[in-house]
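Source file: protein_33.pdb (PDB, C-alpha atoms and all ligand atoms)
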```
ATOM      1  CA  MET N1106      -6.563  16.773  15.947
ATOM      2  CA  GLN N1107      -6.496  14.253  18.744
ATOM      3  CA  VAL N1108      -3.654  11.770  19.184
ATOM      4  CA  ALA N1109      -4.301   8.328  20.696
ATOM      5  CA  LYS N1110      -1.650   5.845  21.780
ATOM      6  CA  THR N1111      -3.939   3.105  23.100
ATOM      7  CA  VAL N1112      -6.775   0.952  21.769
ATOM      8  CA  ARG N1113      -8.862   2.057  24.747
ATOM      9  CA  GLU N1114      -8.599   5.736  23.760
ATOM     10  CA  VAL N1115      -9.594   4.974  20.156
ATOM     11  CA  ARG N1116     -12.608   2.933  21.261
ATOM     12  CA  ALA N1117     -13.784   5.740  23.570
ATOM     13  CA  TRP N1118     -13.399   8.293  20.755
ATOM     14  CA  THR N1119     -15.186   6.221  18.098
ATOM     15  CA  LYS N1120     -18.000   5.325  20.495
ATOM     16  CA  ILE N1121     -18.835   9.017  20.853
ATOM     17  CA  ALA N1122     -18.515   9.550  17.090
ATOM     18  CA  ARG N1123     -20.978   6.739  16.377
ATOM     19  CA  GLU N1124     -23.397   7.939  19.048
ATOM     20  CA  ASP N1125     -23.298  11.335  17.306
ATOM     21  CA  GLY N1126     -24.228   9.570  14.043
ATOM     22  CA  LYS N1127     -20.918  10.453  12.339
ATOM     23  CA  THR N1128     -19.390   8.353   9.554
ATOM     24  CA  ILE N1129     -15.709   7.448   9.894
ATOM     25  CA  GLY N1130     -13.136   7.196   7.104
ATOM     26  CA  PHE N1131      -9.953   5.318   8.014
ATOM     27  CA  VAL N1132      -6.465   5.509   6.481
ATOM     28  CA  PRO N1133      -3.968   2.909   7.765
ATOM     29  CA  THR N1134      -0.315   3.960   7.265
ATOM     30  CA  MET N1135       3.248   3.351   8.369
ATOM     31  CA  GLY N1136       3.916   7.097   8.502
ATOM     32  CA  TYR N1137       6.624   9.291   7.000
ATOM     33  CA  PHE N1138       3.862  10.982   5.059
ATOM     34  CA  HIS N1139       3.956  12.226   1.480
ATOM     35  CA  GLU N1140       1.281  13.433  -0.960
ATOM     36  CA  GLY N1141       0.138   9.828  -1.558
ATOM     37  CA  HIS N1142      -0.844   9.463   2.093
ATOM     38  CA  LEU N1143      -2.351  12.956   2.195
ATOM     39  CA  SER N1144      -4.492  12.240  -0.892
ATOM     40  CA  LEU N1145      -6.074   9.296   0.955
ATOM     41  CA  MET N1146      -6.712  11.447   4.039
ATOM     42  CA  ARG N1147      -8.259  14.256   1.975
ATOM     43  CA  ARG N1148     -10.533  11.798   0.187
ATOM     44  CA  ALA N1149     -11.616  10.272   3.501
ATOM     45  CA  LYS N1150     -12.415  13.782   4.761
ATOM     46  CA  THR N1151     -14.569  14.592   1.740
ATOM     47  CA  GLU N1152     -16.494  11.289   1.839
ATOM     48  CA  CYS N1153     -16.884  10.849   5.613
ATOM     49  CA  ASP N1154     -17.664  13.085   8.585
ATOM     50  CA  LEU N1155     -14.485  12.132  10.438
ATOM     51  CA  CYS N1156     -11.057  10.881   9.383
ATOM     52  CA  VAL N1157      -8.989   8.500  11.489
ATOM     53  CA  VAL N1158      -5.376   7.758  10.492
ATOM     54  CA  SER N1159      -3.240   5.031  12.028
ATOM     55  CA  LEU N1160       0.538   5.429  12.090
ATOM     56  CA  PHE N1161       2.225   2.146  12.900
ATOM     57  CA  VAL N1162       5.374   0.622  11.436
ATOM     58  CA  ASN N1163       4.082  -2.924  11.670
ATOM     59  CA  PRO N1164       6.912  -5.323  12.551
ATOM     60  CA  THR N1165       5.017  -8.474  11.495
ATOM     61  CA  GLN N1166       4.965  -7.444   7.827
ATOM     62  CA  PHE N1167       8.766  -7.100   7.586
ATOM     63  CA  GLY N1168      11.066 -10.061   6.906
ATOM     64  CA  PRO N1169      14.088 -10.626   9.195
ATOM     65  CA  HIS N1170      16.500  -9.011   6.688
ATOM     66  CA  GLU N1171      14.224  -6.150   5.617
ATOM     67  CA  ASP N1172      14.217  -2.474   6.587
ATOM     68  CA  TYR N1173      12.050  -2.487   9.747
ATOM     69  CA  GLN N1174      14.736  -0.884  11.909
ATOM     70  CA  ARG N1175      15.736   1.822   9.466
ATOM     71  CA  TYR N1176      12.246   2.525   8.068
ATOM     72  CA  PRO N1177      11.940   6.362   8.136
ATOM     73  CA  ARG N1178      10.075   7.748  11.136
ATOM     74  CA  ASP N1179       9.240  11.355  12.103
ATOM     75  CA  PHE N1180       6.231  11.613  14.354
ATOM     76  CA  ALA N1181       6.228  15.402  14.798
ATOM     77  CA  ARG N1182       6.341  15.987  11.038
ATOM     78  CA  ASP N1183       3.633  13.385  10.385
ATOM     79  CA  ALA N1184       1.347  14.798  13.081
ATOM     80  CA  ALA N1185       1.666  18.307  11.616
ATOM     81  CA  MET N1186       0.939  17.051   8.082
ATOM     82  CA  ALA N1187      -2.091  15.016   9.204
ATOM     83  CA  GLU N1188      -3.445  17.983  11.126
ATOM     84  CA  SER N1189      -2.970  20.246   8.080
ATOM     85  CA  VAL N1190      -5.371  18.124   5.989
ATOM     86  CA  GLY N1191      -7.981  17.948   8.738
ATOM     87  CA  VAL N1192      -7.401  14.490  10.233
ATOM     88  CA  ASP N1193      -9.534  14.159  13.368
ATOM     89  CA  LEU N1194      -7.795  11.312  15.163
ATOM     90  CA  LEU N1195      -4.240  10.029  14.769
ATOM     91  CA  PHE N1196      -3.728   6.574  16.283
ATOM     92  CA  ALA N1197      -0.023   5.922  16.887
ATOM     93  CA  PRO N1198       0.367   2.847  19.086
ATOM     94  CA  GLU N1199       3.597   1.313  20.379
ATOM     95  CA  VAL N1200       4.417  -2.218  19.223
ATOM     96  CA  GLU N1201       3.443  -3.626  22.666
ATOM     97  CA  GLU N1202      -0.024  -2.089  22.353
ATOM     98  CA  MET N1203      -0.678  -3.990  19.105
ATOM     99  CA  TYR N1204       1.279  -7.147  19.957
ATOM    100  CA  PRO N1205       1.359  -7.578  23.739
ATOM    101  CA  PRO N1206       3.272 -10.499  25.278
ATOM    102  CA  GLY N1207       1.508 -13.761  24.467
ATOM    103  CA  TYR N1208       0.181 -12.519  21.126
ATOM    104  CA  GLN N1209      -0.382 -15.520  18.799
ATOM    105  CA  THR N1210      -3.197 -14.897  16.312
ATOM    106  CA  TYR N1211      -2.568 -14.285  12.591
ATOM    107  CA  VAL N1212      -4.747 -13.919   9.510
ATOM    108  CA  GLU N1213      -3.752 -15.582   6.256
ATOM    109  CA  VAL N1214      -5.202 -14.764   2.842
ATOM    110  CA  THR N1215      -4.158 -17.636   0.570
ATOM    111  CA  GLU N1216      -4.484 -17.508  -3.242
ATOM    112  CA  VAL N1217      -4.014 -13.813  -4.000
ATOM    113  CA  THR N1218      -0.850 -13.653  -1.868
ATOM    114  CA  ARG N1219       1.010 -16.459  -3.660
ATOM    115  CA  ARG N1220       2.732 -14.439  -6.394
ATOM    116  CA  LEU N1221       4.502 -11.057  -6.780
ATOM    117  CA  GLU N1222       5.144  -9.397  -3.394
ATOM    118  CA  GLY N1223       3.843 -12.487  -1.599
ATOM    119  CA  ALA N1224       6.479 -14.643  -3.305
ATOM    120  CA  ALA N1225       9.248 -12.052  -2.916
ATOM    121  CA  ARG N1226       8.480 -11.314   0.742
ATOM    122  CA  PRO N1227       7.382 -14.499   2.572
ATOM    123  CA  GLY N1228       5.077 -13.677   5.501
ATOM    124  CA  HIS N1229       4.598 -10.067   4.391
ATOM    125  CA  PHE N1230       0.884 -10.295   3.627
ATOM    126  CA  ARG N1231       0.215 -12.367   6.737
ATOM    127  CA  GLY N1232       1.495  -9.362   8.700
ATOM    128  CA  VAL N1233      -0.464  -6.909   6.565
ATOM    129  CA  ALA N1234      -3.741  -8.860   6.809
ATOM    130  CA  THR N1235      -3.300  -9.359  10.544
ATOM    131  CA  VAL N1236      -2.610  -5.716  11.372
ATOM    132  CA  CYS N1237      -5.412  -4.493   9.092
ATOM    133  CA  ALA N1238      -7.923  -6.933  10.632
ATOM    134  CA  LYS N1239      -6.891  -5.647  14.070
ATOM    135  CA  LEU N1240      -7.062  -1.999  13.011
ATOM    136  CA  PHE N1241     -10.484  -2.485  11.378
ATOM    137  CA  ASN N1242     -11.753  -3.998  14.640
ATOM    138  CA  ILE N1243     -10.255  -1.190  16.711
ATOM    139  CA  VAL N1244     -11.408   1.752  14.574
ATOM    140  CA  GLN N1245     -14.697   0.292  13.227
ATOM    141  CA  ALA N1246     -14.724   2.722  10.332
ATOM    142  CA  ASP N1247     -17.383   2.904   7.637
ATOM    143  CA  ARG N1248     -14.774   3.129   4.876
ATOM    144  CA  ALA N1249     -11.047   2.439   4.642
ATOM    145  CA  TYR N1250      -8.826   4.021   1.978
ATOM    146  CA  PHE N1251      -5.989   2.135   0.257
ATOM    147  CA  GLY N1252      -3.598   3.242  -2.496
ATOM    148  CA  LYS N1253      -3.293   1.315  -5.770
ATOM    149  CA  LYS N1254       0.456   1.941  -5.434
ATOM    150  CA  ASP N1255       0.392  -1.243  -3.333
ATOM    151  CA  TYR N1256      -1.932  -3.004  -5.742
ATOM    152  CA  GLN N1257      -1.584  -6.546  -4.418
ATOM    153  CA  GLN N1258      -2.067  -5.275  -0.863
ATOM    154  CA  LEU N1259      -5.327  -3.665  -1.978
ATOM    155  CA  LYS N1260      -6.487  -6.999  -3.463
ATOM    156  CA  VAL N1261      -5.481  -8.855  -0.283
ATOM    157  CA  ILE N1262      -7.446  -6.429   1.886
ATOM    158  CA  GLN N1263     -10.504  -6.610  -0.385
ATOM    159  CA  ARG N1264     -10.374 -10.417  -0.128
ATOM    160  CA  LEU N1265      -9.889 -10.282   3.659
ATOM    161  CA  VAL N1266     -12.903  -8.003   4.103
ATOM    162  CA  ARG N1267     -15.126 -10.148   1.860
ATOM    163  CA  ASP N1268     -14.025 -13.471   3.313
ATOM    164  CA  LEU N1269     -14.305 -12.457   6.988
ATOM    165  CA  ASN N1270     -17.439 -10.298   6.464
ATOM    166  CA  LEU N1271     -15.722  -7.292   7.993
ATOM    167  CA  PRO N1272     -18.178  -4.372   8.068
ATOM    168  CA  VAL N1273     -15.999  -1.849   6.237
ATOM    169  CA  GLU N1274     -16.049  -0.609   2.645
ATOM    170  CA  ILE N1275     -12.627  -0.615   0.957
ATOM    171  CA  VAL N1276     -12.011   2.409  -1.263
ATOM    172  CA  PRO N1277      -9.179   2.081  -3.832
ATOM    173  CA  CYS N1278      -7.286   5.341  -4.525
ATOM    174  CA  GLU N1279      -5.073   6.321  -7.482
ATOM    175  CA  THR N1280      -1.287   6.317  -7.170
ATOM    176  CA  VAL N1281       0.175   9.792  -6.613
ATOM    177  CA  ARG N1282       3.404  10.426  -8.546
ATOM    178  CA  GLU N1283       6.204  12.972  -8.589
ATOM    179  CA  PRO N1284       6.118  15.297 -11.624
ATOM    180  CA  ASP N1285       8.660  13.005 -13.364
ATOM    181  CA  GLY N1286       6.456   9.945 -12.825
ATOM    182  CA  LEU N1287       8.179   8.257  -9.874
ATOM    183  CA  ALA N1288       5.512   6.839  -7.551
ATOM    184  CA  MET N1289       5.656   8.579  -4.192
ATOM    185  CA  SER N1290       6.926   6.299  -1.446
ATOM    186  CA  SER N1291       8.346   6.740   2.040
ATOM    187  CA  ARG N1292      11.240   4.570   0.824
ATOM    188  CA  ASN N1293      12.250   7.150  -1.820
ATOM    189  CA  VAL N1294      14.296   8.859   0.944
ATOM    190  CA  TYR N1295      16.761   5.960   0.644
ATOM    191  CA  LEU N1296      17.685   7.120  -2.901
ATOM    192  CA  LYS N1297      20.878   9.079  -3.592
ATOM    193  CA  PRO N1298      20.426  11.870  -6.163
ATOM    194  CA  GLU N1299      21.606   9.808  -9.153
ATOM    195  CA  GLU N1300      19.509   6.833  -8.005
ATOM    196  CA  ARG N1301      16.482   9.085  -7.630
ATOM    197  CA  GLN N1302      16.959  10.144 -11.261
ATOM    198  CA  ALA N1303      17.499   6.536 -12.424
ATOM    199  CA  ALA N1304      14.338   5.360 -10.636
ATOM    200  CA  THR N1305      12.170   7.305 -13.096
ATOM    201  CA  VAL N1306      12.794   4.467 -15.570
ATOM    202  CA  LEU N1307      10.323   2.273 -13.641
ATOM    203  CA  TYR N1308       7.225   4.254 -14.522
ATOM    204  CA  ARG N1309       8.541   4.926 -18.052
ATOM    205  CA  ALA N1310       8.892   1.166 -18.530
ATOM    206  CA  LEU N1311       5.376   0.479 -17.242
ATOM    207  CA  CYS N1312       3.983   3.183 -19.535
ATOM    208  CA  ALA N1313       5.813   1.620 -22.503
ATOM    209  CA  GLY N1314       4.094  -1.685 -21.659
ATOM    210  CA  ARG N1315       0.716  -0.017 -21.379
ATOM    211  CA  ASP N1316       1.225   1.891 -24.642
ATOM    212  CA  ALA N1317       2.130  -1.337 -26.452
ATOM    213  CA  ILE N1318      -1.113  -2.945 -25.272
ATOM    214  CA  LEU N1319      -3.133   0.100 -26.301
ATOM    215  CA  ALA N1320      -1.400  -0.057 -29.714
ATOM    216  CA  GLY N1321      -2.577  -3.650 -30.199
ATOM    217  CA  GLU N1322      -0.030  -5.954 -28.522
ATOM    218  CA  ARG N1323      -1.821  -8.980 -27.035
ATOM    219  CA  ASP N1324       1.108 -11.203 -26.059
ATOM    220  CA  GLY N1325       1.814 -10.939 -22.317
ATOM    221  CA  ALA N1326       5.369 -12.289 -22.641
ATOM    222  CA  LYS N1327       6.232  -9.638 -25.234
ATOM    223  CA  VAL N1328       4.897  -6.858 -23.036
ATOM    224  CA  GLN N1329       6.933  -8.206 -20.124
ATOM    225  CA  ARG N1330      10.109  -8.287 -22.264
ATOM    226  CA  LEU N1331       9.472  -4.750 -23.476
ATOM    227  CA  ILE N1332       9.223  -3.475 -19.891
ATOM    228  CA  GLU N1333      12.412  -5.359 -18.984
ATOM    229  CA  GLN N1334      14.230  -3.853 -21.970
ATOM    230  CA  VAL N1335      13.337  -0.314 -20.956
ATOM    231  CA  ILE N1336      14.525  -0.953 -17.375
ATOM    232  CA  ALA N1337      17.780  -2.442 -18.716
ATOM    233  CA  THR N1338      18.699   0.953 -20.173
ATOM    234  CA  GLU N1339      19.303   2.147 -16.590
ATOM    235  CA  PRO N1340      22.318   0.407 -14.979
ATOM    236  CA  LEU N1341      21.543   1.707 -11.460
ATOM    237  CA  VAL N1342      18.222  -0.189 -11.457
ATOM    238  CA  GLN N1343      18.107  -3.969 -10.830
ATOM    239  CA  PRO N1344      14.657  -5.416 -11.485
ATOM    240  CA  GLU N1345      13.496  -8.185  -9.130
ATOM    241  CA  TYR N1346      10.443  -9.100 -11.145
ATOM    242  CA  VAL N1347       8.373  -7.718 -13.998
ATOM    243  CA  ASP N1348       4.928  -9.244 -14.275
ATOM    244  CA  VAL N1349       1.857  -9.236 -16.494
ATOM    245  CA  ALA N1350      -1.249 -10.541 -14.730
ATOM    246  CA  ASN N1351      -5.016 -10.586 -14.612
ATOM    247  CA  ALA N1352      -5.793  -7.479 -12.530
ATOM    248  CA  GLU N1353      -8.406  -9.281 -10.425
ATOM    249  CA  SER N1354      -6.929 -12.738  -9.728
ATOM    250  CA  LEU N1355      -3.275 -11.616 -10.145
ATOM    251  CA  GLU N1356      -2.663 -14.862 -12.078
ATOM    252  CA  PRO N1357      -0.193 -14.582 -14.996
ATOM    253  CA  LEU N1358      -1.663 -13.739 -18.397
ATOM    254  CA  GLU N1359      -0.377 -14.852 -21.794
ATOM    255  CA  ALA N1360      -3.179 -13.768 -24.142
ATOM    256  CA  LEU N1361      -4.085 -10.294 -22.925
ATOM    257  CA  GLN N1362      -7.736  -9.472 -22.340
ATOM    258  CA  GLY N1363      -9.891  -7.694 -19.783
ATOM    259  CA  GLU N1364      -8.103  -5.631 -17.144
ATOM    260  CA  VAL N1365      -4.362  -6.292 -16.982
ATOM    261  CA  LEU N1366      -1.913  -5.484 -14.172
ATOM    262  CA  LEU N1367       1.649  -4.580 -15.161
ATOM    263  CA  SER N1368       3.725  -4.648 -11.987
ATOM    264  CA  LEU N1369       7.352  -4.673 -10.951
ATOM    265  CA  ALA N1370       9.779  -4.589  -8.061
ATOM    266  CA  ALA N1371      13.335  -3.297  -8.379
ATOM    267  CA  ARG N1372      16.383  -2.491  -6.300
ATOM    268  CA  VAL N1373      17.807   0.989  -6.688
ATOM    269  CA  GLY N1374      20.748   1.354  -4.316
ATOM    270  CA  ILE N1375      19.524   0.161  -0.901
ATOM    271  CA  ALA N1376      15.899   0.917  -1.790
ATOM    272  CA  ARG N1377      13.466  -1.769  -2.914
ATOM    273  CA  LEU N1378      10.768  -0.022  -4.946
ATOM    274  CA  ILE N1379       7.476  -1.333  -6.353
ATOM    275  CA  ASP N1380       5.164   0.189  -8.938
ATOM    276  CA  ASN N1381       2.346  -0.839 -11.252
ATOM    277  CA  VAL N1382      -0.188   0.306 -13.799
ATOM    278  CA  THR N1383      -3.443  -1.286 -14.891
ATOM    279  CA  VAL N1384      -4.770  -1.213 -18.424
ATOM    280  CA  VAL N1385      -8.096  -2.297 -19.860
ATOM    281  CA  VAL N1386      -7.336  -4.155 -23.086
ATOM    282  CA  PRO N1387      -9.345  -2.520 -25.902
ATOM    283  CA  GLU N1388     -11.908  -4.736 -27.658
ATOM    284  CA  GLU N1389     -10.803  -5.641 -31.205
TER     285      GLU N1389
HETATM  286  P1  LIG Q1401       2.340   2.961   3.755
HETATM  287  O1  LIG Q1401       2.516   4.021   4.778
HETATM  288  O2  LIG Q1401       3.436   2.871   2.758
HETATM  289  O3  LIG Q1401       1.981   1.623   4.374
HETATM  290  O4  LIG Q1401       1.062   3.372   2.897
HETATM  291  C1  LIG Q1401      -0.158   3.677   3.522
HETATM  292  C2  LIG Q1401      -1.230   3.797   2.463
HETATM  293  O5  LIG Q1401      -0.871   4.820   1.541
HETATM  294  C3  LIG Q1401      -1.400   2.516   1.631
HETATM  295  O6  LIG Q1401      -2.782   2.334   1.343
HETATM  296  C4  LIG Q1401      -0.629   2.830   0.388
HETATM  297  O7  LIG Q1401      -1.069   2.116  -0.752
HETATM  298  C5  LIG Q1401      -0.910   4.305   0.236
HETATM  299  N1  LIG Q1401       0.106   4.926  -0.609
HETATM  300  C6  LIG Q1401       1.457   4.849  -0.479
HETATM  301  N2  LIG Q1401       2.077   5.509  -1.478
HETATM  302  C7  LIG Q1401       1.082   6.007  -2.273
HETATM  303  C8  LIG Q1401       1.061   6.780  -3.480
HETATM  304  N3  LIG Q1401       2.172   7.176  -4.065
HETATM  305  N4  LIG Q1401      -0.145   7.103  -3.996
HETATM  306  C9  LIG Q1401      -1.293   6.691  -3.408
HETATM  307  N5  LIG Q1401      -1.341   5.968  -2.280
HETATM  308  C10 LIG Q1401      -0.170   5.631  -1.710
END
```
Have the structure of the file written as structure tokens, please.
Amino acid sequence: MQVAKTVREVRAWTKIAREDGKTIGFVPTMGYFHEGHLSLMRRAKTECDLCVVSLFVNPTQFGPHEDYQRYPRDFARDAAMAESVGVDLLFAPEVEEMYPPGYQTYVEVTEVTRRLEGAARPGHFRGVATVCAKLFNIVQADRAYFGKKDYQQLKVIQRLVRDLNLPVEIVPCETVREPDGLAMSSRNVYLKPEERQAATVLYRALCAGRDAILAGERDGAKVQRLIEQVIATEPLVQPEYVDVANAESLEPLEALQGEVLLSLAARVGIARLIDNVTVVVPEE
């Protein structure tokens, strides 16, 4: 596995790959890898000739009072894990390489960023869209792999790629969970043991919502209340929002039909966790 710190090195590497007629699969990450990240890398390896991973804790997607400084980082561990699944190139730039002095260009995706994480974290998706547009231009991959764990992010990136005609195919990947259902996340390291146990209520609550829909519930507000009630059984978990939306537009849904997104954000100790499930409402 090769490690690149500069845009120049990546461009030189990908130029050779393209001249050799190789396809490139790209996995953008903020590092501190877990099985969720590795599943994206493995999929990229099976579907493309070469796999490029970026490791960059992107400052522009963090709010001023968020966890940018304390976000977990361990380059040696990440490099070993990426190498173990066959990653070909690991791009790990410094902040100054991505945002040199004088930097002033940002990408904004409007409608699909208004609610949910976009509302809870002002400026977050502007940072995400900007860094992904830059990374797509630097790596020039054939396909880029994104986890449904960050469902709204996936929708934002799909919109970005369509709207700006970026020549990359976005591949959505399933959320990888711990055996007890907790969605894997780099931020799970913030959880104390009893908080880690309490956090399992999030996926249980989402599953209860999904099961209610599959059992015939068609009232979005009732499904939302049901999810909230399950979370309320766990005093260590403070929900920030619980939402029932159209899975494509992310607009709120009252009468459930089509594909529905059940999503939530919650505080557990110092950790802010997000999770979601989608469910296709059965035809009557
Ligand atoms: P991050 O490093 O958190 O920015 O995540 C990098 C990529 O990994 C994003 O596309 C995430 O959606 C994806 N990802 C994070 N956690 C998971 C998970 N538990 N399962 C699947 N994909 C994930």
Can you build me a table of chain N residues sitting at most 9 Å from ligand LIG 1401 (chain Q), with the closest atom pair per residue and its distance in Å to one decimal, using all atoms listed in the file, sorted by chain and residue number, as CSV?
```
residue,atom,partner,partner_atom,distance
N:Val1132,CA,Q:LIG1401,C2,6.8
N:Pro1133,CA,Q:LIG1401,C1,5.8
N:Thr1134,CA,Q:LIG1401,C1,3.8
N:Met1135,CA,Q:LIG1401,O1,3.7
N:Gly1136,CA,Q:LIG1401,O1,5.0
N:Tyr1137,CA,Q:LIG1401,O1,7.0
N:Phe1138,CA,Q:LIG1401,O1,7.1
N:His1139,CA,Q:LIG1401,N2,7.6
N:Glu1140,CA,Q:LIG1401,N3,7.0
N:Gly1141,CA,Q:LIG1401,N4,3.7
N:His1142,CA,Q:LIG1401,O5,4.7
N:Leu1143,CA,Q:LIG1401,O5,8.3
N:Ser1144,CA,Q:LIG1401,C9,6.9
N:Leu1145,CA,Q:LIG1401,N5,6.6
N:Leu1160,CA,Q:LIG1401,O1,7.7
N:Phe1161,CA,Q:LIG1401,O1,8.3
N:Val1162,CA,Q:LIG1401,O3,7.9
N:Asn1163,CA,Q:LIG1401,O3,8.8
N:Ala1249,CA,Q:LIG1401,O6,8.9
N:Tyr1250,CA,Q:LIG1401,O6,6.3
N:Phe1251,CA,Q:LIG1401,O6,3.4
N:Gly1252,CA,Q:LIG1401,O7,3.3
N:Lys1253,CA,Q:LIG1401,O7,5.5
N:Lys1254,CA,Q:LIG1401,O7,4.9
N:Asp1255,CA,Q:LIG1401,O7,4.5
N:Tyr1256,CA,Q:LIG1401,O7,7.2
N:Gln1258,CA,Q:LIG1401,O7,7.5
N:Leu1259,CA,Q:LIG1401,O7,7.3
N:Pro1277,CA,Q:LIG1401,O6,8.2
N:Cys1278,CA,Q:LIG1401,C9,6.2
N:Glu1279,CA,Q:LIG1401,C9,5.6
N:Thr1280,CA,Q:LIG1401,N4,3.5
N:Val1281,CA,Q:LIG1401,N4,3.8
N:Arg1282,CA,Q:LIG1401,N3,5.7
N:Glu1283,CA,Q:LIG1401,N3,8.4
N:Leu1287,CA,Q:LIG1401,N3,8.4
N:Ala1288,CA,Q:LIG1401,N3,4.8
N:Met1289,CA,Q:LIG1401,N3,3.8
N:Ser1290,CA,Q:LIG1401,N2,4.9
N:Ser1291,CA,Q:LIG1401,O2,6.3
N:Arg1292,CA,Q:LIG1401,O2,8.2
```
Query raised in the report: Got a sec to resolve the PyMOL selection byres (((chain N and resi 1213) around 6) and not hetatm) on this structure and send the residues as a list of chain:residue names?
Result: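 With the shown file as input, the PyMOL selection byres (((chain N and resi 1213) around 6) and not hetatm) matches N:Val1212, N:Val1214, N:Arg1231.
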Query raised in the report: Out of N:Glu1199, N:Arg1248, N:Ala1238, N:Thr1218, which residue has the shortest atom-to-atom distance to Asp1154 (chain N) when counting all atoms listed in the file?
Result: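 Among the listed residues, N:Arg1248 lies closest to Asp1154 (chain N).
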Report task. Given the file shown, enumerate the residues that the PyMOL selection byres (((chain N and resi 1229) around 10) and not hetatm) captures and present them as a list in words. Result ->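 Going through the file, the PyMOL selection byres (((chain N and resi 1229) around 10) and not hetatm) ends up selecting Pro1164, Thr1165, Gln1166, Phe1167, Gly1168, Thr1218, Glu1222, Gly1223, Ala1224, Ala1225, Arg1226, Pro1227, Gly1228, Phe1230, Arg1231, Gly1232, Val1233, Ala1234 and Gln1258 of chain N.
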Report task. Give me, please, the distance in Å between CA of Val1342 (chain N) and CA of Ala1371 (chain N), quoted to one decimal. Result ->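 Straight-line distance from CA of Val1342 (chain N) to CA of Ala1371 (chain N) works out to 6.6 Å.
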Requested in this report: With a distance cut-off of 9 Å and only C-alpha atoms, select the neighbouring residues of Val1112 (chain N), excluding the residue or stretch itself and same-chain residues fewer than 6 positions from it, and output the selection as a ChimeraX atom specification.
Outcome: /N:1196,1198,1202-1203,1243-1244
